[in-house]
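Presented below is the structure to which this report refers.
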Protein chains: 2
Amino acid sequence: MSERNTTRMAGVPELVVLRLVAEREMYGYAIARRIKLVSRDALTVGEGVLYPALHALEARGLLRSRSARADGRTRIYYQLTPRGRRHLARLTASWRRVNQAVERILTDAGRG
Amino acid sequence: MSERNTTRMAGVPELVVLRLVAEREMYGYAIARRIKLVSRDALTVGEGVLYPALHALEARGLLRSRSARADGRTRIYYQLTPRGRRHLARLTASWRRVNQAVERILTDAGRG
DNA sequence: GTACTATACATTGGTAGACGAGGTATCTGA
DNA sequence: TCAGATACCTCGTCTACCAATGTATAGTAC
């Protein structure tokens, strides 16, 4: 029951990627795994979404990357820039606002 | 600060439209006004989204429409079909599942 | 009788971005 | 040596959100 394909995600990948990277420096493959893990399989961000998203976020100056070798593997670690941190704050607020609005309609559609 | 244009909505219009119509028979223009009202301006579903969505939902057999004259105006009233009601239940569950997953990542990204 | 606003429907063209499918390469363990 | 996990990537498609624009009628004001 991984949410993919059916419900369009619209900004969810960007939000969760920024949030995870905000915690600590991470590389793509680990980000994908962690999203599945923390969301308990409710969310899957495929590689066809993840890597283009990371590149776009870096191009927009919200992420910074460095290549590093670890465990005999070359990885590209991403970290949040100050701009990225501000952007994450805005996205989070926006998500919660939409959420509250939708929830209000779902539970309270009749009276308003 | 109406959520539009920036954050892509991802199925939110479909969900809230179905939910409002589930309560009682409604016409397009009233649906748009009610979404703004109940969401306290947090959500705006523009006409370029609303009308195509209504037509698509009807084509999929989730809504049924009838034309009626009221207050000296011709309106197209929509109501939920049984299929639409089942679909709404699924969409609602799906929305809440995604939501919980995102919230878990937002608040609990570190441990998981 | 004309101008403005709100109501009520609709379409069109553009675009972001999510998605599946596919590709390369390396490391580990059986 | 072969499979499977790790780790990166791109391409083409398709959905559906969006702004802009168009039509028409009803009510109000001047």
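Just so we're on the same page: first chain in the structure tokens is A, next is B, and so on; residues restart at 1 for each chain, and ligands are numbered from 1 in the order they show up.
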Exercise for the section: Identify all residues of chain A in strand (DSSP E) (DSSP on the backbone) and supply them as a list in words. Expected result: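 Selecting the strand (DSSP E) positions of chain A gives Met26, Tyr27, Leu63, Arg64, Ser65, Arg66, Ser67, Ala68, Arg69, Ala70, Arg73, Thr74, Arg75, Ile76, Tyr77, Tyr78, Gln79 and Leu80 of chain A.
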Using N, CA and C atoms, can you export the residues from the last selection as a compact mmCIF listing (two decimals), in the first residue's frame?
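Saved file result.txt follows:
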```
# COMPACT_ATOMS: atom_id res chain seq x y z
N MET A 26 22.90 13.76 4.00
CA MET A 26 22.49 12.44 3.51
C MET A 26 22.71 12.30 2.02
N TYR A 27 22.77 11.05 1.54
CA TYR A 27 22.89 10.81 0.11
C TYR A 27 21.59 10.18 -0.40
N LEU A 63 20.03 23.13 -1.67
CA LEU A 63 20.91 22.06 -1.20
C LEU A 63 22.32 22.32 -1.71
N ARG A 64 23.29 21.78 -0.97
CA ARG A 64 24.66 21.77 -1.42
C ARG A 64 25.14 20.33 -1.39
N SER A 65 25.99 19.94 -2.33
CA SER A 65 26.41 18.54 -2.37
C SER A 65 27.93 18.42 -2.33
N ARG A 66 28.39 17.26 -1.86
CA ARG A 66 29.81 16.93 -1.93
C ARG A 66 29.91 15.43 -2.19
N SER A 67 30.88 15.08 -2.97
CA SER A 67 31.11 13.67 -3.27
C SER A 67 32.07 13.12 -2.24
N ALA A 68 31.79 11.91 -1.76
CA ALA A 68 32.68 11.32 -0.76
C ALA A 68 32.66 9.80 -0.88
N ARG A 69 33.77 9.22 -0.55
CA ARG A 69 33.88 7.77 -0.59
C ARG A 69 33.72 7.22 0.83
N ALA A 70 32.80 6.27 0.97
CA ALA A 70 32.57 5.67 2.29
C ALA A 70 32.08 4.25 2.09
N ARG A 73 32.30 2.90 -1.30
CA ARG A 73 31.33 3.38 -2.29
C ARG A 73 31.39 4.89 -2.43
N THR A 74 31.21 5.34 -3.64
CA THR A 74 31.17 6.78 -3.87
C THR A 74 29.73 7.26 -3.74
N ARG A 75 29.56 8.22 -2.86
CA ARG A 75 28.21 8.75 -2.64
C ARG A 75 28.21 10.25 -2.79
N ILE A 76 27.02 10.79 -3.06
CA ILE A 76 26.88 12.24 -3.15
C ILE A 76 26.03 12.69 -1.98
N TYR A 77 26.71 13.35 -1.05
CA TYR A 77 26.01 13.79 0.17
C TYR A 77 25.43 15.18 -0.02
N TYR A 78 24.20 15.34 0.41
CA TYR A 78 23.52 16.63 0.31
C TYR A 78 23.28 17.21 1.70
N GLN A 79 23.46 18.52 1.78
CA GLN A 79 23.08 19.20 3.02
C GLN A 79 22.30 20.46 2.70
N LEU A 80 21.54 20.92 3.68
CA LEU A 80 20.71 22.10 3.51
C LEU A 80 21.55 23.37 3.55
```
Within 12 Å of chain D, which residues of chain A come that close, and what is the closest atom pair and distance in Å for each? Count only C-alpha atoms (C1' of nucleotides) and give it as a Markdown table.
```
| residue | atom | partner | partner_atom | distance |
| --- | --- | --- | --- | --- |
| A:Asn5 | CA | D:DT15 | C1' | 10.5 |
| A:Thr6 | CA | D:DT15 | C1' | 10.6 |
| A:Thr7 | CA | D:DT15 | C1' | 10.6 |
| A:Arg8 | CA | D:DT15 | C1' | 8.4 |
| A:Met9 | CA | D:DT15 | C1' | 11.4 |
| A:Ala10 | CA | D:DC17 | C1' | 9.9 |
| A:Tyr27 | CA | D:DA7 | C1' | 9.2 |
| A:Gly28 | CA | D:DA7 | C1' | 8.1 |
| A:Tyr29 | CA | D:DA7 | C1' | 6.4 |
| A:Ala30 | CA | D:DA7 | C1' | 9.4 |
| A:Ile31 | CA | D:DA7 | C1' | 11.7 |
| A:Ala32 | CA | D:DA7 | C1' | 11.4 |
| A:Arg33 | CA | D:DT6 | C1' | 11.3 |
| A:Glu47 | CA | D:DC9 | C1' | 9.0 |
| A:Gly48 | CA | D:DT10 | C1' | 8.5 |
| A:Val49 | CA | D:DT10 | C1' | 11.3 |
| A:Leu50 | CA | D:DC9 | C1' | 10.7 |
| A:Tyr51 | CA | D:DC9 | C1' | 7.6 |
| A:Pro52 | CA | D:DC9 | C1' | 9.0 |
| A:Leu54 | CA | D:DC9 | C1' | 11.8 |
| A:His55 | CA | D:DC9 | C1' | 10.9 |
| A:Ser67 | CA | D:DC8 | C1' | 11.6 |
| A:Arg69 | CA | D:DA7 | C1' | 11.5 |
| A:Ala70 | CA | D:DA7 | C1' | 11.7 |
| A:Asp71 | CA | D:DT6 | C1' | 10.5 |
| A:Gly72 | CA | D:DT6 | C1' | 10.6 |
| A:Arg73 | CA | D:DA7 | C1' | 7.8 |
| A:Thr74 | CA | D:DA7 | C1' | 7.6 |
| A:Arg75 | CA | D:DA7 | C1' | 6.9 |
| A:Ile76 | CA | D:DC8 | C1' | 8.7 |
| A:Tyr77 | CA | D:DA7 | C1' | 11.6 |
```
Got time to write the residues from that selection, N, CA and C atoms, as a short mmCIF file (atom, residue, chain, number, x, y, z; two decimals), in the first residue's frame?
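This is the output file again33.cif:
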```
data_model
loop_
_atom_site.label_atom_id
_atom_site.label_comp_id
_atom_site.auth_asym_id
_atom_site.auth_seq_id
_atom_site.Cartn_x
_atom_site.Cartn_y
_atom_site.Cartn_z
N ASN A 5 1.69 6.49 -7.66
CA ASN A 5 0.92 6.08 -8.82
C ASN A 5 -0.55 6.54 -8.76
N THR A 6 -1.24 6.26 -7.70
CA THR A 6 -2.65 6.66 -7.58
C THR A 6 -2.77 8.14 -7.22
N THR A 7 -2.65 8.43 -5.94
CA THR A 7 -2.69 9.82 -5.48
C THR A 7 -1.43 10.53 -5.96
N ARG A 8 -1.61 11.65 -6.67
CA ARG A 8 -0.46 12.43 -7.05
C ARG A 8 0.11 13.13 -5.82
N MET A 9 1.44 13.19 -5.75
CA MET A 9 2.09 13.61 -4.51
C MET A 9 2.26 15.11 -4.37
N ALA A 10 2.51 15.80 -5.48
CA ALA A 10 2.53 17.26 -5.49
C ALA A 10 3.27 17.93 -4.35
N TYR A 27 22.77 11.05 1.54
CA TYR A 27 22.89 10.81 0.11
C TYR A 27 21.59 10.18 -0.40
N GLY A 28 21.39 10.28 -1.71
CA GLY A 28 20.12 9.93 -2.33
C GLY A 28 19.52 8.60 -1.94
N TYR A 29 20.30 7.59 -2.11
CA TYR A 29 19.79 6.24 -1.87
C TYR A 29 19.31 6.06 -0.43
N ALA A 30 20.06 6.66 0.49
CA ALA A 30 19.69 6.59 1.91
C ALA A 30 18.42 7.39 2.19
N ILE A 31 18.25 8.48 1.49
CA ILE A 31 17.05 9.30 1.64
C ILE A 31 15.82 8.47 1.26
N ALA A 32 15.90 7.81 0.11
CA ALA A 32 14.79 6.98 -0.37
C ALA A 32 14.44 5.90 0.65
N ARG A 33 15.48 5.22 1.16
CA ARG A 33 15.24 4.16 2.14
C ARG A 33 14.59 4.71 3.41
N GLU A 47 13.26 6.57 -7.62
CA GLU A 47 14.51 7.21 -8.04
C GLU A 47 14.29 8.19 -9.19
N GLY A 48 13.27 7.92 -9.98
CA GLY A 48 12.93 8.81 -11.07
C GLY A 48 12.34 10.13 -10.59
N VAL A 49 11.96 10.15 -9.33
CA VAL A 49 11.51 11.39 -8.69
C VAL A 49 12.65 11.99 -7.87
N LEU A 50 13.31 11.13 -7.12
CA LEU A 50 14.30 11.58 -6.15
C LEU A 50 15.49 12.31 -6.77
N TYR A 51 16.14 11.69 -7.73
CA TYR A 51 17.38 12.27 -8.26
C TYR A 51 17.13 13.58 -9.01
N PRO A 52 16.13 13.63 -9.88
CA PRO A 52 15.83 14.93 -10.50
C PRO A 52 15.50 16.00 -9.46
N LEU A 54 16.61 16.19 -6.33
CA LEU A 54 17.85 16.61 -5.67
C LEU A 54 18.62 17.59 -6.55
N HIS A 55 18.71 17.28 -7.83
CA HIS A 55 19.45 18.17 -8.75
C HIS A 55 18.77 19.53 -8.84
N SER A 67 30.88 15.08 -2.97
CA SER A 67 31.11 13.67 -3.27
C SER A 67 32.07 13.12 -2.24
N ARG A 69 33.77 9.22 -0.55
CA ARG A 69 33.88 7.77 -0.59
C ARG A 69 33.72 7.22 0.83
N ALA A 70 32.80 6.27 0.97
CA ALA A 70 32.57 5.67 2.29
C ALA A 70 32.08 4.25 2.09
N ASP A 71 32.55 3.33 2.96
CA ASP A 71 32.19 1.92 2.83
C ASP A 71 32.53 1.39 1.44
N GLY A 72 33.63 1.86 0.88
CA GLY A 72 34.03 1.41 -0.44
C GLY A 72 33.06 1.81 -1.55
N ARG A 73 32.30 2.90 -1.30
CA ARG A 73 31.33 3.38 -2.29
C ARG A 73 31.39 4.89 -2.43
N THR A 74 31.21 5.34 -3.64
CA THR A 74 31.17 6.78 -3.87
C THR A 74 29.73 7.26 -3.74
N ARG A 75 29.56 8.22 -2.86
CA ARG A 75 28.21 8.75 -2.64
C ARG A 75 28.21 10.25 -2.79
N ILE A 76 27.02 10.79 -3.06
CA ILE A 76 26.88 12.24 -3.15
C ILE A 76 26.03 12.69 -1.98
N TYR A 77 26.71 13.35 -1.05
CA TYR A 77 26.01 13.79 0.17
C TYR A 77 25.43 15.18 -0.02
#
```
Handout entry: Nearest residue to chain A from the set C:DT12, C:DA18, C:DG1, C:DA25 (distances using only C-alpha atoms (C1' of nucleotides))
Key = C:DA18
Determine, for each residue of chain B having at least one atom at most 7 Å from an atom of chain A, the closest pair of atoms and their separation in Å to one decimal, counting only C-alpha atoms; order by chain and ascending number, as a tab-separated table.
```
residue	atom	partner	partner_atom	distance
B:Thr7	CA	A:Gly11	CA	6.5
B:Arg8	CA	A:Ala10	CA	5.1
B:Met9	CA	A:Ala10	CA	6.1
B:Ala10	CA	A:Ala10	CA	5.0
B:Gly11	CA	A:Arg8	CA	6.5
B:Val16	CA	A:Ile105	CA	6.7
B:Arg19	CA	A:Leu106	CA	6.4
B:Leu20	CA	A:Ala109	CA	5.8
B:Glu23	CA	A:Gly110	CA	6.2
B:Leu37	CA	A:Gly112	CA	6.7
B:Val38	CA	A:Gly112	CA	4.8
B:Ser39	CA	A:Ala101	CA	4.6
B:Ala42	CA	A:Ala101	CA	6.1
B:Leu43	CA	A:Ala101	CA	6.8
B:Arg97	CA	A:Ala42	CA	6.8
B:Val98	CA	A:Ala42	CA	6.5
B:Ala101	CA	A:Ser39	CA	4.6
B:Val102	CA	A:Val16	CA	6.9
B:Arg104	CA	A:Ser39	CA	6.5
B:Ile105	CA	A:Val38	CA	6.3
B:Leu106	CA	A:Arg19	CA	6.3
B:Ala109	CA	A:Leu20	CA	5.8
B:Gly110	CA	A:Glu23	CA	6.3
B:Gly112	CA	A:Val38	CA	4.8
```
So that I have them on file, write out the residues from the current selection with C-alpha atoms, as a PDB file, in the first residue's frame.
```
ATOM      1  CA  THR B   7       2.196  24.376  -3.996  1.00  0.00           C
ATOM      2  CA  ARG B   8       0.625  21.923  -6.382  1.00  0.00           C
ATOM      3  CA  MET B   9      -2.559  20.580  -4.852  1.00  0.00           C
ATOM      4  CA  ALA B  10      -2.395  16.899  -5.776  1.00  0.00           C
ATOM      5  CA  GLY B  11      -5.918  15.636  -5.676  1.00  0.00           C
ATOM      6  CA  VAL B  16     -12.909  18.509  -1.308  1.00  0.00           C
ATOM      7  CA  ARG B  19     -16.781  15.844   0.139  1.00  0.00           C
ATOM      8  CA  LEU B  20     -18.902  18.967  -0.232  1.00  0.00           C
ATOM      9  CA  GLU B  23     -23.208  16.615   2.113  1.00  0.00           C
ATOM     10  CA  LEU B  37     -15.445  29.887   3.170  1.00  0.00           C
ATOM     11  CA  VAL B  38     -15.037  26.631   5.072  1.00  0.00           C
ATOM     12  CA  SER B  39     -11.261  26.637   4.588  1.00  0.00           C
ATOM     13  CA  ALA B  42      -6.688  28.745   2.914  1.00  0.00           C
ATOM     14  CA  LEU B  43      -7.893  26.922  -0.197  1.00  0.00           C
ATOM     15  CA  ARG B  97      -2.472   7.989   5.327  1.00  0.00           C
ATOM     16  CA  VAL B  98      -0.174  10.280   3.337  1.00  0.00           C
ATOM     17  CA  ALA B 101       3.336   9.680   6.953  1.00  0.00           C
ATOM     18  CA  VAL B 102       4.444  13.212   6.101  1.00  0.00           C
ATOM     19  CA  ARG B 104       5.789  11.492  10.994  1.00  0.00           C
ATOM     20  CA  ILE B 105       8.715  12.592   8.844  1.00  0.00           C
ATOM     21  CA  LEU B 106       8.273  16.256   9.714  1.00  0.00           C
ATOM     22  CA  ALA B 109      12.809  12.536  10.877  1.00  0.00           C
ATOM     23  CA  GLY B 110      15.752  11.741  13.111  1.00  0.00           C
ATOM     24  CA  GLY B 112      12.595   5.975  12.774  1.00  0.00           C
TER      25      GLY B 112
END
```
Using only C-alpha atoms (C1' of nucleotides), find each residue of chain C with at least one atom at most 10 Å away from an atom of chain B; report its shortest atom-to-atom pair and that distance in Å (one decimal), sort the rows by chain and rising residue number, and return the result as a tab-separated table.
```
residue	atom	partner	partner_atom	distance
C:DT7	C1'	B:Tyr29	CA	8.0
C:DA8	C1'	B:Tyr29	CA	6.4
C:DC9	C1'	B:Arg75	CA	8.2
C:DA10	C1'	B:Tyr51	CA	7.5
C:DT11	C1'	B:Gly48	CA	8.5
C:DT12	C1'	B:Gly48	CA	9.8
C:DA16	C1'	B:Arg8	CA	8.5
C:DG17	C1'	B:Arg8	CA	9.1
```
Take the residues from that selection and write them out as a PDB file, in the first residue's frame, keeping N, CA and C atoms (P, O5', C5', C4', C3', O3' and C1' of nucleotides).
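Generated output (part29.pdb):
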```pdb
ATOM      1  P    DT C   7     -21.804  36.622  -5.777  1.00  0.00           P
ATOM      2  O5'  DT C   7     -22.516  35.931  -7.036  1.00  0.00           O
ATOM      3  C5'  DT C   7     -23.911  36.098  -7.190  1.00  0.00           C
ATOM      4  C4'  DT C   7     -24.369  35.462  -8.481  1.00  0.00           C
ATOM      5  C3'  DT C   7     -24.063  33.964  -8.595  1.00  0.00           C
ATOM      6  O3'  DT C   7     -25.273  33.294  -8.868  1.00  0.00           O
ATOM      7  C1'  DT C   7     -23.459  35.104 -10.577  1.00  0.00           C
ATOM      8  P    DA C   8     -25.465  31.771  -8.614  1.00  0.00           P
ATOM      9  O5'  DA C   8     -24.695  31.067  -9.816  1.00  0.00           O
ATOM     10  C5'  DA C   8     -25.426  30.729 -11.000  1.00  0.00           C
ATOM     11  C4'  DA C   8     -24.494  30.377 -12.134  1.00  0.00           C
ATOM     12  C3'  DA C   8     -23.447  29.296 -11.896  1.00  0.00           C
ATOM     13  O3'  DA C   8     -24.005  28.019 -12.202  1.00  0.00           O
ATOM     14  C1'  DA C   8     -22.779  30.999 -13.469  1.00  0.00           C
ATOM     15  P    DC C   9     -23.004  26.744 -12.124  1.00  0.00           P
ATOM     16  O5'  DC C   9     -22.345  26.709 -13.583  1.00  0.00           O
ATOM     17  C5'  DC C   9     -23.177  26.404 -14.697  1.00  0.00           C
ATOM     18  C4'  DC C   9     -22.509  26.821 -15.980  1.00  0.00           C
ATOM     19  C3'  DC C   9     -21.296  25.990 -16.386  1.00  0.00           C
ATOM     20  O3'  DC C   9     -21.689  24.826 -17.086  1.00  0.00           O
ATOM     21  C1'  DC C   9     -21.019  28.334 -16.879  1.00  0.00           C
ATOM     22  P    DA C  10     -20.594  23.682 -17.330  1.00  0.00           P
ATOM     23  O5'  DA C  10     -19.505  24.405 -18.242  1.00  0.00           O
ATOM     24  C5'  DA C  10     -19.829  24.713 -19.602  1.00  0.00           C
ATOM     25  C4'  DA C  10     -18.694  25.458 -20.251  1.00  0.00           C
ATOM     26  C3'  DA C  10     -17.372  24.692 -20.305  1.00  0.00           C
ATOM     27  O3'  DA C  10     -17.355  23.875 -21.465  1.00  0.00           O
ATOM     28  C1'  DA C  10     -17.078  27.050 -19.923  1.00  0.00           C
ATOM     29  P    DT C  11     -16.108  22.938 -21.692  1.00  0.00           P
ATOM     30  O5'  DT C  11     -15.059  23.844 -22.487  1.00  0.00           O
ATOM     31  C5'  DT C  11     -15.507  24.745 -23.485  1.00  0.00           C
ATOM     32  C4'  DT C  11     -14.296  25.500 -24.022  1.00  0.00           C
ATOM     33  C3'  DT C  11     -13.090  24.608 -24.301  1.00  0.00           C
ATOM     34  O3'  DT C  11     -12.458  25.024 -25.508  1.00  0.00           O
ATOM     35  C1'  DT C  11     -12.486  26.276 -22.737  1.00  0.00           C
ATOM     36  P    DT C  12     -11.400  24.049 -26.200  1.00  0.00           P
ATOM     37  O5'  DT C  12     -10.236  25.037 -26.630  1.00  0.00           O
ATOM     38  C5'  DT C  12     -10.316  26.441 -26.382  1.00  0.00           C
ATOM     39  C4'  DT C  12      -8.961  26.960 -25.949  1.00  0.00           C
ATOM     40  C3'  DT C  12      -7.789  26.012 -26.215  1.00  0.00           C
ATOM     41  O3'  DT C  12      -6.833  26.665 -27.029  1.00  0.00           O
ATOM     42  C1'  DT C  12      -7.750  26.821 -23.978  1.00  0.00           C
ATOM     43  P    DA C  16       7.466  25.008 -15.698  1.00  0.00           P
ATOM     44  O5'  DA C  16       7.345  24.416 -14.221  1.00  0.00           O
ATOM     45  C5'  DA C  16       6.241  24.833 -13.421  1.00  0.00           C
ATOM     46  C4'  DA C  16       5.748  23.662 -12.593  1.00  0.00           C
ATOM     47  C3'  DA C  16       6.855  22.800 -12.011  1.00  0.00           C
ATOM     48  O3'  DA C  16       6.499  22.514 -10.672  1.00  0.00           O
ATOM     49  C1'  DA C  16       5.407  21.466 -13.349  1.00  0.00           C
ATOM     50  P    DG C  17       7.654  22.013  -9.679  1.00  0.00           P
ATOM     51  O5'  DG C  17       7.278  20.477  -9.571  1.00  0.00           O
ATOM     52  C5'  DG C  17       5.915  20.087  -9.492  1.00  0.00           C
ATOM     53  C4'  DG C  17       5.804  18.631  -9.857  1.00  0.00           C
ATOM     54  C3'  DG C  17       7.042  17.787  -9.500  1.00  0.00           C
ATOM     55  O3'  DG C  17       6.614  16.532  -9.045  1.00  0.00           O
ATOM     56  C1'  DG C  17       6.484  17.448 -11.701  1.00  0.00           C
TER      57       DG C  17
END
```
Practice task
Quick one: pull the distance between C1' of DG13 in chain C and CA of Ala53 in chain B, Å, one decimal.
Solution key: 17.3 Å
Exercise for the section: To one decimal in Å, tell me the separation between CA of Ala93 in chain B and CA of Glu14 in chain B. Expected result: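 So the answer is 13.8 Å.
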Problem - Atom-to-atom span, CA of Arg83 in chain B and C1' of DC19 in chain C, Å - result: 26.5 Å
Practice task
Write down as a VMD selection string the residues of range 33-100 of chain B whose backbone DSSP state falls under alpha helix (DSSP H).
Solution key: chain B and resid 33 to 38 47 to 59 82 to 100
